[in-house]
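Down below is the structure, laid out as structure tokens.
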Amino acid sequence: MTHIIVLGAGMVGSAMAADLSKKHSVTIADLSIERLKHVKEKHQVISILQVDVCDQINLESVLADFDFVVCAVPGFLGYRTIKTVIKAGKNVVDISFFPENALELDALAKEKGVTAIVDCGVAPGMHNIILGYYNEKLKLTDFETLVGGLPKVKKWPFNYKAPFSPIDVIEEYTRPARYVENGNIIVREPLTDCEYVDFDKVGTLESFNSDGLRSILFTMPHIKNMKEKTLRYPGSRGICESSKR
């Protein structure tokens, strides 16, 4: 049986731990004992472990007992945590939305013989994987992805409910957005280039620039035009712009 450790017992980390525990031996680790107890109450089969991921030496020691790592810490902790995992010689899948360039860890991962799959959430994540699939089958010149999970019921004032770390939700609205235009990387403020898009059974949503292309900015140079835009209910963008001021 594979022994997996999930770093981070938040909404997403605990959900992944629950899914993985159906087929594997799973331990979930977090600094918050309250979060760990909450997971344990709902899923007795999952082991819990209080760990400070910022303590590099202790984290490397903890990881020694596991076959595989899933990293679900907040974005501001993601890069340093992934670096520690790689140094420990462990394969890892990461969903944290960290601002640093993950490709800077490429040489270290190769040195340690480690596979590190980063930004492997819904977005960034699934749309990057879908692009990779079609890139093997088609000659692509342009790629635009529209992303965003929305609550079925809109509630004022945000018309949105964070399905993951609220800190990282805010990052979508504050981090400069990068896209590719005519082969050049363009950096724009987030929430810019707003457009309205109509969807059957949903209605009209607004889209705006967000920084979700991530590593494909550099690994897909043959695709000369690439852009990610985040979808929200109309009006949400204006509220987010006001909160930035």
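Following the order of the structure tokens, chains are lettered A, B, ..., residues in each are numbered from 1, and ligands are numbered from 1.
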Next on the checklist: I need the residues of segment 7-242 of chain A that end up classed as alpha helix (DSSP H) by DSSP on the backbone, written out as a VMD selection string.
Outcome noted: chain A and resid 11 to 20 33 to 42 56 to 63 75 to 87 106 to 112 126 to 135 166 to 174 216 to 219 236 to 242
Next on the checklist: Going by DSSP on the backbone, which residues of segment 21-240 of chain A come out as strand (DSSP E or B)? List them as JSON, numbers by chain.
Outcome noted: {"A": [25, 26, 27, 28, 29, 30, 47, 48, 49, 50, 68, 69, 70, 71, 92, 93, 94, 116, 117, 121, 125, 142, 143, 144, 145, 146, 147, 177, 178, 179, 180, 181, 184, 185, 186, 187, 188, 195, 196, 197, 198, 199, 203, 204, 205, 206, 207, 208, 209, 225, 226, 227, 228, 229, 230, 231, 232]}
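Closest approach to Lys40 of chain A from the set A:Asn128, A:Leu77, A:Ser14, A:Ser25 is made by A:Ser14, with distances taken over only C-alpha atoms.
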Please identify every residue of segment 193-218 of chain A that has at least one atom no farther than 6 Å from an atom of segment 163-179 of chain A, counting only C-alpha atoms, and for each give the shortest atom pair and the distance in Å to one decimal, arranged by chain then increasing number, as a Markdown table.
| residue | atom | partner | partner_atom | distance |
| --- | --- | --- | --- | --- |
| A:Asn209 | CA | A:Ala177 | CA | 6.0 |
| A:Ser210 | CA | A:Ala177 | CA | 4.7 |
| A:Asp211 | CA | A:Ala177 | CA | 4.2 |
Deliver the residues from the most recent selection as a file, using N, CA and C atoms, as a tab-separated table (two decimals), in the first residue's frame.
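Result file follows (selection.tsv):
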chain	number	residue	atom	x	y	z
A	209	ASN	N	-8.60	39.33	-16.99
A	209	ASN	CA	-7.27	38.74	-16.99
A	209	ASN	C	-6.90	38.20	-15.61
A	210	SER	N	-6.29	37.00	-15.60
A	210	SER	CA	-5.76	36.42	-14.36
A	210	SER	C	-4.51	35.61	-14.71
A	211	ASP	N	-3.71	35.30	-13.69
A	211	ASP	CA	-2.37	34.75	-13.92
A	211	ASP	C	-2.34	33.23	-13.78
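For Leu213 of chain A, the list of residues within 10 Å, based on only C-alpha atoms and with local chain neighbours fewer than 3 positions off taken out, reads Asp119, Ala123, Pro124, Gly125, His127, Asn128, Glu144, Thr145, Ala177, Arg178, Tyr179, Val180, Ser210, Ile216, Leu217, Phe218, Met226, Lys227, Glu228 and Lys229 of chain A.
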Just-selected residues, C-alpha atoms written as a short mmCIF file (atom, residue, chain, number, x, y, z; two decimals), in the first residue's frame:
data_model
loop_
_atom_site.label_atom_id
_atom_site.label_comp_id
_atom_site.auth_asym_id
_atom_site.auth_seq_id
_atom_site.Cartn_x
_atom_site.Cartn_y
_atom_site.Cartn_z
CA ASP A 119 -0.16 24.00 -10.09
CA ALA A 123 -7.17 26.25 -12.62
CA PRO A 124 -4.28 26.43 -12.95
CA GLY A 125 -4.11 22.70 -13.43
CA HIS A 127 -6.79 23.46 -18.32
CA ASN A 128 -2.99 23.16 -18.59
CA GLU A 144 -7.68 30.88 -24.47
CA THR A 145 -9.07 29.38 -21.29
CA ALA A 177 -1.66 38.72 -15.00
CA ARG A 178 0.65 37.32 -17.68
CA TYR A 179 -0.39 36.19 -21.13
CA VAL A 180 1.24 35.63 -24.53
CA SER A 210 -5.76 36.42 -14.36
CA ILE A 216 3.10 26.93 -20.12
CA LEU A 217 4.21 30.53 -20.63
CA PHE A 218 7.67 29.03 -21.07
CA MET A 226 -2.26 32.30 -24.94
CA LYS A 227 -4.51 33.84 -22.33
CA GLU A 228 -6.40 32.88 -19.18
CA LYS A 229 -9.43 34.82 -18.06
#
Next on the checklist: With distances taken over only C-alpha atoms, which residue among A:Asn91, A:Thr141, A:Asn135, A:Ser236 lies nearest Gly183 of chain A?
Outcome noted: A:Thr141
Item to check | Surrounding residues of segment 47-52 of chain A excluding itself and chain neighbours under 5 positions, 9 Å, only C-alpha atoms, as a VMD selection string | outcome: chain A and resid 7 25 to 33 36 to 37 39 to 40 58 to 59 62
Checklist entry - With only C-alpha atoms as the atoms that count, which of A:Glu136, A:Asp106, A:Glu189, A:Asp19 lies nearest to Ser215 of chain A? => result A:Asp106
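With distances restricted to only C-alpha atoms, A:Val93 is the closest residue to Met16 of chain A from A:Val93, A:Cys54, A:Gly78, A:Lys161.
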